[in-house]
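A.B. asks: Sharing entry-v8.cif below, mmCIF, C-alpha atoms:
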```
data_target
#
loop_
_atom_site.group_PDB
_atom_site.id
_atom_site.type_symbol
_atom_site.label_atom_id
_atom_site.label_comp_id
_atom_site.auth_asym_id
_atom_site.auth_seq_id
_atom_site.Cartn_x
_atom_site.Cartn_y
_atom_site.Cartn_z
ATOM 1 C CA MET A 1 -13.326 15.566 -2.118
ATOM 2 C CA LYS A 2 -12.180 13.966 1.118
ATOM 3 C CA LYS A 3 -8.540 12.816 1.084
ATOM 4 C CA ILE A 4 -7.442 9.984 3.381
ATOM 5 C CA LEU A 5 -4.047 8.401 4.021
ATOM 6 C CA ILE A 6 -3.657 4.975 5.655
ATOM 7 C CA ILE A 7 -0.229 3.895 6.912
ATOM 8 C CA GLN A 8 0.768 0.284 7.584
ATOM 9 C CA THR A 9 4.436 -0.506 6.920
ATOM 10 C CA ALA A 10 4.636 -3.708 8.988
ATOM 11 C CA PHE A 11 4.571 -7.261 7.658
ATOM 12 C CA ILE A 12 2.370 -9.249 5.293
ATOM 13 C CA GLY A 13 -0.325 -10.236 7.771
ATOM 14 C CA ASP A 14 -0.602 -6.699 9.139
ATOM 15 C CA VAL A 15 -1.199 -5.298 5.656
ATOM 16 C CA ILE A 16 -3.833 -7.932 4.899
ATOM 17 C CA LEU A 17 -5.704 -7.188 8.119
ATOM 18 C CA SER A 18 -5.561 -3.450 7.404
ATOM 19 C CA THR A 19 -7.630 -3.973 4.251
ATOM 20 C CA ALA A 20 -10.725 -4.081 6.447
ATOM 21 C CA VAL A 21 -10.122 -0.366 7.075
ATOM 22 C CA ILE A 22 -9.946 0.290 3.323
ATOM 23 C CA GLU A 23 -13.184 -1.633 2.771
ATOM 24 C CA LYS A 24 -15.047 0.303 5.407
ATOM 25 C CA LEU A 25 -13.811 3.758 4.419
ATOM 26 C CA ARG A 26 -14.477 3.131 0.718
ATOM 27 C CA SER A 27 -17.990 1.930 1.462
ATOM 28 C CA ARG A 28 -18.715 5.038 3.524
ATOM 29 C CA TYR A 29 -16.954 7.505 1.204
ATOM 30 C CA PRO A 30 -17.119 6.138 -2.355
ATOM 31 C CA GLY A 31 -15.888 9.415 -3.840
ATOM 32 C CA ALA A 32 -12.947 9.953 -1.491
ATOM 33 C CA GLN A 33 -9.272 9.771 -2.410
ATOM 34 C CA ILE A 34 -7.844 6.927 -0.336
ATOM 35 C CA ASP A 35 -4.060 6.482 -0.403
ATOM 36 C CA PHE A 36 -2.066 3.732 1.292
ATOM 37 C CA LEU A 37 1.557 3.565 2.449
ATOM 38 C CA LEU A 38 3.241 0.170 2.914
ATOM 39 C CA ARG A 39 6.750 -1.294 2.914
ATOM 40 C CA LYS A 40 8.552 -2.522 -0.185
ATOM 41 C CA GLY A 41 7.882 -6.200 -0.781
ATOM 42 C CA ASN A 42 4.225 -6.077 0.202
ATOM 43 C CA GLU A 43 2.891 -4.001 -2.686
ATOM 44 C CA ASP A 44 1.689 -7.036 -4.639
ATOM 45 C CA LEU A 45 -0.922 -7.647 -1.943
ATOM 46 C CA LEU A 46 -2.798 -4.486 -2.907
ATOM 47 C CA ARG A 47 -1.991 -4.523 -6.614
ATOM 48 C CA ASN A 48 -5.637 -4.820 -7.695
ATOM 49 C CA HIS A 49 -7.401 -3.287 -4.720
ATOM 50 C CA PRO A 50 -10.267 -1.161 -6.068
ATOM 51 C CA GLY A 51 -10.485 0.873 -2.860
ATOM 52 C CA ILE A 52 -7.029 2.446 -3.215
ATOM 53 C CA ASP A 53 -6.281 5.463 -5.400
ATOM 54 C CA ARG A 54 -2.536 5.776 -4.809
ATOM 55 C CA LEU A 55 -0.207 3.162 -3.367
ATOM 56 C CA PHE A 56 3.008 4.501 -1.824
ATOM 57 C CA VAL A 57 5.861 2.018 -1.309
ATOM 58 C CA LEU A 58 8.543 2.692 1.307
ATOM 59 C CA ASP A 59 11.905 0.930 0.979
ATOM 60 C CA LYS A 60 12.984 0.163 4.550
ATOM 61 C CA GLY A 61 16.121 -1.639 3.381
ATOM 62 C CA SER A 62 19.366 0.058 2.368
ATOM 63 C CA GLY A 63 19.254 3.831 2.665
ATOM 64 C CA LYS A 64 16.246 3.615 4.966
ATOM 65 C CA TRP A 65 16.405 7.143 6.381
ATOM 66 C CA ARG A 66 17.093 8.700 2.989
ATOM 67 C CA ASN A 67 14.048 6.864 1.666
ATOM 68 C CA ILE A 68 11.940 8.035 4.584
ATOM 69 C CA VAL A 69 12.823 11.676 3.899
ATOM 70 C CA HIS A 70 12.023 11.206 0.221
ATOM 71 C CA MET A 71 8.670 9.597 1.080
ATOM 72 C CA ILE A 72 7.754 12.433 3.448
ATOM 73 C CA ARG A 73 8.425 14.923 0.658
ATOM 74 C CA ARG A 74 6.164 12.977 -1.712
ATOM 75 C CA LEU A 75 3.363 12.698 0.820
ATOM 76 C CA ARG A 76 3.563 16.381 1.715
ATOM 77 C CA GLN A 77 2.497 17.226 -1.820
ATOM 78 C CA VAL A 78 -1.029 16.264 -0.760
ATOM 79 C CA GLN A 79 -3.126 18.047 1.849
ATOM 80 C CA TYR A 80 -4.986 15.194 3.538
ATOM 81 C CA ASP A 81 -8.134 15.500 5.593
ATOM 82 C CA HIS A 82 -7.486 12.352 7.629
ATOM 83 C CA LEU A 83 -4.390 10.295 8.379
ATOM 84 C CA PHE A 84 -4.712 6.892 10.042
ATOM 85 C CA ASN A 85 -1.477 5.311 11.246
ATOM 86 C CA LEU A 86 -2.074 1.626 11.948
ATOM 87 C CA GLN A 87 1.565 1.056 12.883
ATOM 88 C CA ARG A 88 2.853 1.478 16.425
ATOM 89 C CA PHE A 89 6.548 2.217 15.890
ATOM 90 C CA MET A 90 8.829 5.209 15.489
ATOM 91 C CA THR A 91 9.241 5.242 11.701
ATOM 92 C CA THR A 92 5.566 5.694 10.927
ATOM 93 C CA GLY A 93 5.171 8.071 13.844
ATOM 94 C CA LEU A 94 7.843 10.267 12.273
ATOM 95 C CA ILE A 95 6.187 10.114 8.856
ATOM 96 C CA SER A 96 2.826 10.965 10.401
ATOM 97 C CA LEU A 97 4.353 13.952 12.147
ATOM 98 C CA PHE A 98 5.427 15.616 8.893
ATOM 99 C CA VAL A 99 2.555 14.647 6.581
ATOM 100 C CA ARG A 100 0.102 17.478 6.004
ATOM 101 C CA SER A 101 -3.258 16.352 7.379
ATOM 102 C CA ARG A 102 -6.092 18.156 9.121
ATOM 103 C CA GLU A 103 -6.631 15.237 11.518
ATOM 104 C CA LYS A 104 -4.187 12.513 12.531
ATOM 105 C CA SER A 105 -5.202 9.325 14.355
ATOM 106 C CA GLY A 106 -3.087 6.483 15.677
ATOM 107 C CA PHE A 107 -2.464 4.104 18.546
ATOM 108 C CA ASP A 108 -1.227 5.326 21.901
ATOM 109 C CA LYS A 109 1.708 2.892 21.802
ATOM 110 C CA ASN A 110 3.401 4.837 19.027
ATOM 111 C CA PRO A 111 6.263 6.821 20.631
ATOM 112 C CA LEU A 112 5.158 9.949 18.739
ATOM 113 C CA SER A 113 1.462 9.574 19.517
ATOM 114 C CA LEU A 114 1.457 12.873 21.439
ATOM 115 C CA PHE A 115 1.255 14.583 18.045
ATOM 116 C CA TYR A 116 -1.976 12.803 17.065
ATOM 117 C CA ASN A 117 -5.310 14.573 17.242
ATOM 118 C CA ARG A 118 -6.815 11.296 18.379
ATOM 119 C CA LYS A 119 -5.070 8.493 20.251
ATOM 120 C CA VAL A 120 -6.652 5.070 20.607
ATOM 121 C CA PRO A 121 -5.558 2.381 23.094
ATOM 122 C CA HIS A 122 -4.070 -0.741 21.524
ATOM 123 C CA ARG A 123 -4.377 -3.696 23.886
ATOM 124 C CA ILE A 124 -3.328 -7.220 22.966
ATOM 125 C CA GLY A 125 -4.569 -10.189 24.957
ATOM 126 C CA ASP A 126 -8.236 -9.457 25.625
ATOM 127 C CA GLY A 127 -9.512 -11.410 22.611
ATOM 128 C CA THR A 128 -10.226 -8.357 20.463
ATOM 129 C CA HIS A 129 -9.409 -9.077 16.833
ATOM 130 C CA GLU A 130 -6.810 -6.877 15.139
ATOM 131 C CA THR A 131 -9.370 -5.716 12.577
ATOM 132 C CA GLU A 132 -11.540 -4.454 15.435
ATOM 133 C CA ARG A 133 -8.581 -2.641 16.998
ATOM 134 C CA ASN A 134 -7.883 -0.973 13.667
ATOM 135 C CA ASN A 135 -11.548 -0.116 13.249
ATOM 136 C CA ARG A 136 -11.498 1.901 16.450
ATOM 137 C CA LEU A 137 -9.178 4.356 14.719
ATOM 138 C CA ILE A 138 -11.748 5.106 12.040
ATOM 139 C CA GLU A 139 -14.960 4.832 14.094
ATOM 140 C CA PRO A 140 -15.587 8.614 14.187
ATOM 141 C CA LEU A 141 -15.465 8.598 10.400
ATOM 142 C CA ALA A 142 -16.889 5.206 9.436
ATOM 143 C CA GLY A 143 -18.864 4.002 12.450
ATOM 144 C CA GLU A 144 -18.871 0.696 14.290
ATOM 145 C CA GLY A 145 -19.313 -2.790 12.899
ATOM 146 C CA PHE A 146 -17.068 -5.640 11.777
ATOM 147 C CA VAL A 147 -15.816 -5.827 8.182
ATOM 148 C CA ARG A 148 -13.712 -8.734 6.975
ATOM 149 C CA PRO A 149 -10.324 -7.976 5.364
ATOM 150 C CA ARG A 150 -10.266 -8.596 1.640
ATOM 151 C CA LEU A 151 -7.793 -9.222 -1.177
ATOM 152 C CA TYR A 152 -8.512 -8.918 -4.875
ATOM 153 C CA PRO A 153 -6.733 -11.406 -7.133
ATOM 154 C CA GLY A 154 -7.076 -10.406 -10.767
ATOM 155 C CA PRO A 155 -8.065 -12.555 -13.774
ATOM 156 C CA GLU A 156 -4.380 -13.202 -14.420
ATOM 157 C CA ASP A 157 -3.949 -14.592 -10.897
ATOM 158 C CA TYR A 158 -6.869 -17.001 -11.258
ATOM 159 C CA GLU A 159 -5.580 -18.026 -14.682
ATOM 160 C CA ALA A 160 -2.124 -18.749 -13.229
ATOM 161 C CA VAL A 161 -3.563 -21.369 -10.855
ATOM 162 C CA ARG A 162 -6.393 -22.688 -13.025
ATOM 163 C CA GLY A 163 -4.418 -25.822 -13.812
ATOM 164 C CA CYS A 164 -4.169 -26.612 -10.088
ATOM 165 C CA LYS A 165 -7.947 -26.838 -9.753
ATOM 166 C CA THR A 166 -8.734 -29.810 -11.963
ATOM 167 C CA GLU A 167 -9.452 -32.036 -8.950
ATOM 168 C CA PRO A 168 -10.330 -31.509 -5.264
ATOM 169 C CA TYR A 169 -7.328 -30.223 -3.339
ATOM 170 C CA VAL A 170 -6.087 -28.911 -0.010
ATOM 171 C CA CYS A 171 -3.377 -26.363 0.683
ATOM 172 C CA ILE A 172 -0.847 -26.663 3.495
ATOM 173 C CA ALA A 173 1.345 -23.729 4.518
ATOM 174 C CA PRO A 174 3.765 -25.493 6.901
ATOM 175 C CA ALA A 175 6.241 -22.678 7.565
ATOM 176 C CA SER A 176 6.436 -19.644 9.822
ATOM 177 C CA VAL A 177 9.077 -17.003 10.413
ATOM 178 C CA TRP A 178 9.219 -18.140 14.044
ATOM 179 C CA TYR A 179 10.010 -21.708 15.054
ATOM 180 C CA THR A 180 7.592 -21.740 17.996
ATOM 181 C CA LYS A 181 4.693 -20.632 15.753
ATOM 182 C CA GLN A 182 5.374 -23.477 13.331
ATOM 183 C CA PHE A 183 3.746 -26.884 13.610
ATOM 184 C CA PRO A 184 6.679 -29.347 13.486
ATOM 185 C CA PRO A 185 7.346 -30.961 10.078
ATOM 186 C CA GLU A 186 6.781 -34.465 11.419
ATOM 187 C CA ARG A 187 3.327 -33.415 12.648
ATOM 188 C CA TRP A 188 2.426 -32.223 9.153
ATOM 189 C CA LEU A 189 3.446 -35.686 7.950
ATOM 190 C CA GLU A 190 0.966 -37.173 10.422
ATOM 191 C CA LEU A 191 -1.760 -34.983 8.955
ATOM 192 C CA LEU A 192 -0.849 -36.001 5.415
ATOM 193 C CA GLU A 193 -1.140 -39.674 6.362
ATOM 194 C CA GLN A 194 -4.722 -39.131 7.496
ATOM 195 C CA LEU A 195 -5.990 -36.847 4.749
ATOM 196 C CA PRO A 196 -8.312 -38.619 2.280
ATOM 197 C CA GLY A 197 -6.313 -39.955 -0.658
ATOM 198 C CA ARG A 198 -8.675 -38.361 -3.190
ATOM 199 C CA TYR A 199 -7.294 -34.902 -2.397
ATOM 200 C CA ARG A 200 -4.341 -33.400 -4.212
ATOM 201 C CA VAL A 201 -2.064 -31.468 -1.828
ATOM 202 C CA TYR A 202 -0.314 -28.174 -2.541
ATOM 203 C CA LEU A 203 2.469 -27.093 -0.194
ATOM 204 C CA ILE A 204 2.504 -23.292 -0.289
ATOM 205 C CA GLY A 205 4.692 -20.497 1.038
ATOM 206 C CA GLY A 206 7.431 -18.111 0.015
ATOM 207 C CA PRO A 207 10.821 -18.863 -1.556
ATOM 208 C CA ASP A 208 12.419 -19.344 1.872
ATOM 209 C CA ASP A 209 9.821 -22.015 2.668
ATOM 210 C CA HIS A 210 10.632 -24.179 -0.346
ATOM 211 C CA PRO A 211 13.258 -26.410 1.398
ATOM 212 C CA LEU A 212 10.875 -27.245 4.257
ATOM 213 C CA CYS A 213 8.038 -27.979 1.837
ATOM 214 C CA GLU A 214 10.337 -30.156 -0.253
ATOM 215 C CA TRP A 215 11.412 -32.160 2.801
ATOM 216 C CA ILE A 216 7.767 -32.749 3.691
ATOM 217 C CA ARG A 217 6.942 -33.756 0.111
ATOM 218 C CA GLN A 218 9.793 -36.247 -0.022
ATOM 219 C CA GLN A 219 9.069 -37.752 3.396
ATOM 220 C CA ALA A 220 5.310 -38.077 2.914
ATOM 221 C CA ARG A 221 4.057 -41.544 2.115
ATOM 222 C CA ARG A 222 1.380 -40.550 -0.364
ATOM 223 C CA PRO A 223 1.212 -39.458 -4.015
ATOM 224 C CA GLY A 224 -0.304 -36.245 -5.322
ATOM 225 C CA ILE A 225 1.739 -33.732 -3.323
ATOM 226 C CA GLU A 226 3.192 -30.729 -5.132
ATOM 227 C CA ASN A 227 5.620 -28.222 -3.650
ATOM 228 C CA ILE A 228 4.780 -24.816 -5.133
ATOM 229 C CA ALA A 229 6.354 -22.687 -2.372
ATOM 230 C CA GLY A 230 8.062 -19.696 -3.940
ATOM 231 C CA SER A 231 6.491 -20.215 -7.362
ATOM 232 C CA ARG A 232 3.303 -18.236 -6.739
ATOM 233 C CA ASN A 233 2.925 -14.595 -5.749
ATOM 234 C CA PHE A 234 0.607 -13.387 -2.971
ATOM 235 C CA LEU A 235 -2.512 -12.958 -5.094
ATOM 236 C CA GLU A 236 -1.996 -16.199 -7.015
ATOM 237 C CA THR A 237 -1.732 -17.975 -3.678
ATOM 238 C CA ALA A 238 -4.918 -16.234 -2.527
ATOM 239 C CA ALA A 239 -6.704 -17.361 -5.706
ATOM 240 C CA LEU A 240 -5.580 -20.936 -5.046
ATOM 241 C CA MET A 241 -6.592 -20.954 -1.381
ATOM 242 C CA LYS A 242 -10.041 -19.586 -2.190
ATOM 243 C CA ASP A 243 -11.267 -22.800 -3.824
ATOM 244 C CA ALA A 244 -9.436 -25.345 -1.679
ATOM 245 C CA VAL A 245 -11.432 -27.984 0.164
ATOM 246 C CA MET A 246 -9.394 -26.885 3.187
ATOM 247 C CA ASN A 247 -6.372 -24.735 3.987
ATOM 248 C CA TYR A 248 -4.074 -25.797 6.824
ATOM 249 C CA VAL A 249 -1.909 -22.997 8.212
ATOM 250 C CA ASN A 250 0.061 -21.784 11.221
ATOM 251 C CA ASP A 251 -0.488 -18.500 13.036
ATOM 252 C CA SER A 252 1.150 -16.700 10.105
ATOM 253 C CA ALA A 253 0.423 -14.754 6.913
ATOM 254 C CA PRO A 254 -1.439 -17.561 5.035
ATOM 255 C CA LEU A 255 -3.988 -17.547 7.869
ATOM 256 C CA HIS A 256 -4.845 -13.941 7.019
ATOM 257 C CA ILE A 257 -4.882 -14.639 3.286
ATOM 258 C CA ALA A 258 -7.539 -17.273 4.000
ATOM 259 C CA SER A 259 -9.549 -14.745 6.026
ATOM 260 C CA ALA A 260 -9.284 -12.149 3.254
ATOM 261 C CA MET A 261 -10.579 -14.684 0.696
ATOM 262 C CA ASN A 262 -13.210 -16.108 3.072
ATOM 263 C CA ALA A 263 -11.578 -19.473 2.387
ATOM 264 C CA PRO A 264 -11.988 -22.535 4.650
ATOM 265 C CA VAL A 265 -9.115 -22.753 7.105
ATOM 266 C CA ARG A 266 -7.777 -24.686 10.083
ATOM 267 C CA ALA A 267 -5.185 -22.605 11.913
ATOM 268 C CA VAL A 268 -2.656 -24.271 14.210
ATOM 269 C CA PHE A 269 -1.691 -22.143 17.205
ATOM 270 C CA CYS A 270 1.399 -23.418 19.003
ATOM 271 C CA SER A 271 3.176 -20.920 21.275
ATOM 272 C CA THR A 272 0.732 -18.085 20.561
ATOM 273 C CA VAL A 273 -2.949 -17.907 21.496
ATOM 274 C CA PRO A 274 -6.110 -16.680 19.755
ATOM 275 C CA GLY A 275 -6.582 -14.149 22.551
ATOM 276 C CA PHE A 276 -3.881 -12.002 20.951
ATOM 277 C CA GLY A 277 -6.444 -11.189 18.255
ATOM 278 C CA PHE A 278 -4.965 -12.733 15.117
ATOM 279 C CA TYR A 279 -7.314 -15.680 14.685
ATOM 280 C CA PRO A 280 -9.039 -16.472 11.353
ATOM 281 C CA VAL A 281 -12.370 -14.843 10.489
ATOM 282 C CA SER A 282 -13.504 -16.942 7.517
ATOM 283 C CA ASP A 283 -17.023 -18.362 7.714
ATOM 284 C CA ASP A 284 -15.518 -21.856 7.850
ATOM 285 C CA SER A 285 -12.613 -21.377 10.225
ATOM 286 C CA LYS A 286 -11.298 -23.095 13.311
ATOM 287 C CA VAL A 287 -8.326 -22.637 15.612
ATOM 288 C CA VAL A 288 -6.547 -25.868 16.528
ATOM 289 C CA GLU A 289 -4.466 -25.903 19.719
ATOM 290 C CA ILE A 290 -3.671 -28.057 22.740
ATOM 291 C CA ASP A 291 -6.687 -28.871 24.884
ATOM 292 C CA TYR A 292 -5.148 -28.108 28.271
ATOM 293 C CA ASP A 293 -3.525 -25.169 30.047
ATOM 294 C CA LEU A 294 0.253 -25.213 29.646
ATOM 295 C CA TYR A 295 2.185 -23.225 32.252
ATOM 296 C CA CYS A 296 4.492 -21.560 29.717
ATOM 297 C CA ARG A 297 1.955 -20.729 26.996
ATOM 298 C CA PRO A 298 1.871 -18.178 25.547
ATOM 299 C CA CYS A 299 5.591 -17.545 25.791
ATOM 300 C CA GLY A 300 5.489 -14.384 23.695
ATOM 301 C CA LEU A 301 3.552 -12.403 21.130
ATOM 302 C CA HIS A 302 5.674 -13.270 18.101
ATOM 303 C CA GLY A 303 7.436 -16.507 18.968
ATOM 304 C CA TYR A 304 11.049 -17.667 19.308
ATOM 305 C CA ASN A 305 13.687 -19.486 17.288
ATOM 306 C CA ALA A 306 13.485 -22.345 19.803
ATOM 307 C CA CYS A 307 11.189 -23.412 22.618
ATOM 308 C CA PRO A 308 12.397 -21.540 25.746
ATOM 309 C CA GLU A 309 11.497 -24.565 27.898
ATOM 310 C CA GLY A 310 12.965 -27.147 25.537
ATOM 311 C CA HIS A 311 9.867 -29.375 25.275
ATOM 312 C CA PHE A 312 7.649 -27.598 22.681
ATOM 313 C CA ARG A 313 4.597 -29.331 24.116
ATOM 314 C CA CYS A 314 2.322 -26.573 22.823
ATOM 315 C CA ALA A 315 2.895 -28.022 19.341
ATOM 316 C CA ARG A 316 3.762 -31.661 19.969
ATOM 317 C CA ASP A 317 0.657 -32.330 22.088
ATOM 318 C CA ILE A 318 -1.897 -31.099 19.536
ATOM 319 C CA ASN A 319 -4.357 -33.801 18.513
ATOM 320 C CA ILE A 320 -4.191 -34.285 14.717
ATOM 321 C CA GLN A 321 -7.847 -35.345 14.672
ATOM 322 C CA LYS A 322 -8.827 -31.784 15.573
ATOM 323 C CA LEU A 323 -7.388 -30.635 12.245
ATOM 324 C CA LEU A 324 -9.634 -33.049 10.357
ATOM 325 C CA LYS A 325 -12.907 -31.774 11.827
#
```
For the structure just supplied, provide its representation as structure tokens.
C.D. replies:
Amino acid sequence: MKKILIIQTAFIGDVILSTAVIEKLRSRYPGAQIDFLLRKGNEDLLRNHPGIDRLFVLDKGSGKWRNIVHMIRRLRQVQYDHLFNLQRFMTTGLISLFVRSREKSGFDKNPLSLFYNRKVPHRIGDGTHETERNNRLIEPLAGEGFVRPRLYPGPEDYEAVRGCKTEPYVCIAPASVWYTKQFPPERWLELLEQLPGRYRVYLIGGPDDHPLCEWIRQQARRPGIENIAGSRNFLETAALMKDAVMNYVNDSAPLHIASAMNAPVRAVFCSTVPGFGFYPVSDDSKVVEIDYDLYCRPCGLHGYNACPEGHFRCARDINIQKLLK
């Protein structure tokens, strides 16, 4: 039996996008043992994934290096045939170095990539989607061809949001970790003013996003808005987004949840650009951005806590009507 380890200990969106690798390997090797290593806090994303045999959770918080040593010891109990490191930083490079695997593959940007059997270039900015970049790691094993990332909410997740689906609704995820990747709150209010009144609106996000969602709810001049940020886990949110009339998101994790559920989505790109490779891949998906070249855009891959130029035109000049199409 072939034994495969996939490593992705980055953030929520990165884990979601990595599920395309699981899908492809499981389809090609239905009898293989496929294990996955991620960071603590993201394990709920893969709670029900039928393509994973063992889910390893690394605590990168307090006692990080002690936890890394412990995880290496656990992983070394298995002799893997293939290791695929989708992360590009030192921690996972170190773990990959000590895991027992016949073949090890990873990106050339990892500082310990010299120890891989196979190194693959990772280039951001040429329009290649992140799922395609990841797929290049497994091409010798699983072949070419695009596969959409996928999440698997369970019956309990759908049941948890069943009461939200009694009438047509839209979801809005207004927050982002980075200020310059976040459509300004007042612009979301503009969208809410123009959405058809027959739609119920759910403001979604994590616990940290609740204050922003509550401000938007209170300022909006329309009924039927509910702030559920922080009250739903990842897979419950995915189950809700799946059946929405439309999902409105930033360039952030909810975008990738929509892709993984093949849910309709309009993704607002402010300081970042689709060319980085993190655009939505749902059948009904569209990127919404300014319609002219701005000298300072993109200003960075991840965004900033404030607009470096002070004007934030990449967000303020977006035409709301483009979100409604």
A.B. asks: Do a neighbour search on segment 193-196 of chain A at 10 Å with all atoms listed in the file, toss out local chain neighbours closer than 5 positions, and write the hits as a PyMOL selection string.
C.D. replies: chain A and resi 170+187-188+201+220-222+320-321+323-324
A.B. asks: Suppose you want the space between atom CA of Glu289 of chain A and atom CA of Ile12 of chain A; what is it in Å?
C.D. replies: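 Atom-to-atom, atom CA of Glu289 of chain A to atom CA of Ile12 of chain A, that is 23.1 Å.
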A.B. asks: Exactly which residues make up the result of the PyMOL selection byres ((chain A and resi 3) around 10) on this file, given as number ranges by chain?
C.D. replies: A: 1-2, 4-5, 29, 31-35, 78-83, 101-102
A.B. asks: Go through A:Ile7, A:Arg266, A:Glu159, A:Pro184 and flag the residue nearest Ile95 of chain A, using only C-alpha atoms for the distances.
C.D. replies: A:Ile7
A.B. asks: What's the 9 Å shell around segment 206-211 of chain A, counting all atoms listed in the file, without same-chain residues fewer than 6 positions away, as a list of chain:residue names?
C.D. replies: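 Residues meeting the cut-off are A:Ala173, A:Pro174, A:Ala175, A:Ser176, A:Asn227, A:Ile228, A:Ala229, A:Gly230, A:Ser231, A:Arg232, A:Asn233, A:Phe234.
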A.B. asks: Determine, counting all atoms listed in the file, which protein, DNA and RNA residues have an atom within 9 Å of an atom of Arg198 of chain A; residues of the same chain fewer than 6 positions away are not included. Present the result as an NGL selection string.
C.D. replies: :A and (167-169 or 224)
A.B. asks: For Leu255 of chain A, list every protein, DNA or RNA residue within 12 Å, evaluated using only C-alpha atoms, and leave out those in the same chain fewer than 2 positions away; present the list as a ChimeraX atom specification.
C.D. replies: /A:12-14,16-17,149,171-176,204-205,237-238,241-242,246-253,257-269,278-282,285-287
A.B. asks: Tell me, as a short mmCIF file (atom, residue, chain, number, x, y, z; two decimals) with C-alpha atoms, keeping the file's coordinate frame, which residues lie within 10 Å of Asp126 of chain A, counting only C-alpha atoms; anything in the same chain fewer than 5 positions away does not count.
C.D. replies:
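Saved file selection23.cif follows:
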```
data_model
loop_
_atom_site.label_atom_id
_atom_site.label_comp_id
_atom_site.auth_asym_id
_atom_site.auth_seq_id
_atom_site.Cartn_x
_atom_site.Cartn_y
_atom_site.Cartn_z
CA PRO A 274 -6.11 -16.68 19.76
CA GLY A 275 -6.58 -14.15 22.55
CA PHE A 276 -3.88 -12.00 20.95
CA GLY A 277 -6.44 -11.19 18.26
#
```
A.B. asks: Which residue, A:Phe115, A:Thr19, A:Ile6, A:Glu144, has the smallest gap to Asn85 of chain A when you use all atoms listed in the file?
C.D. replies: A:Ile6
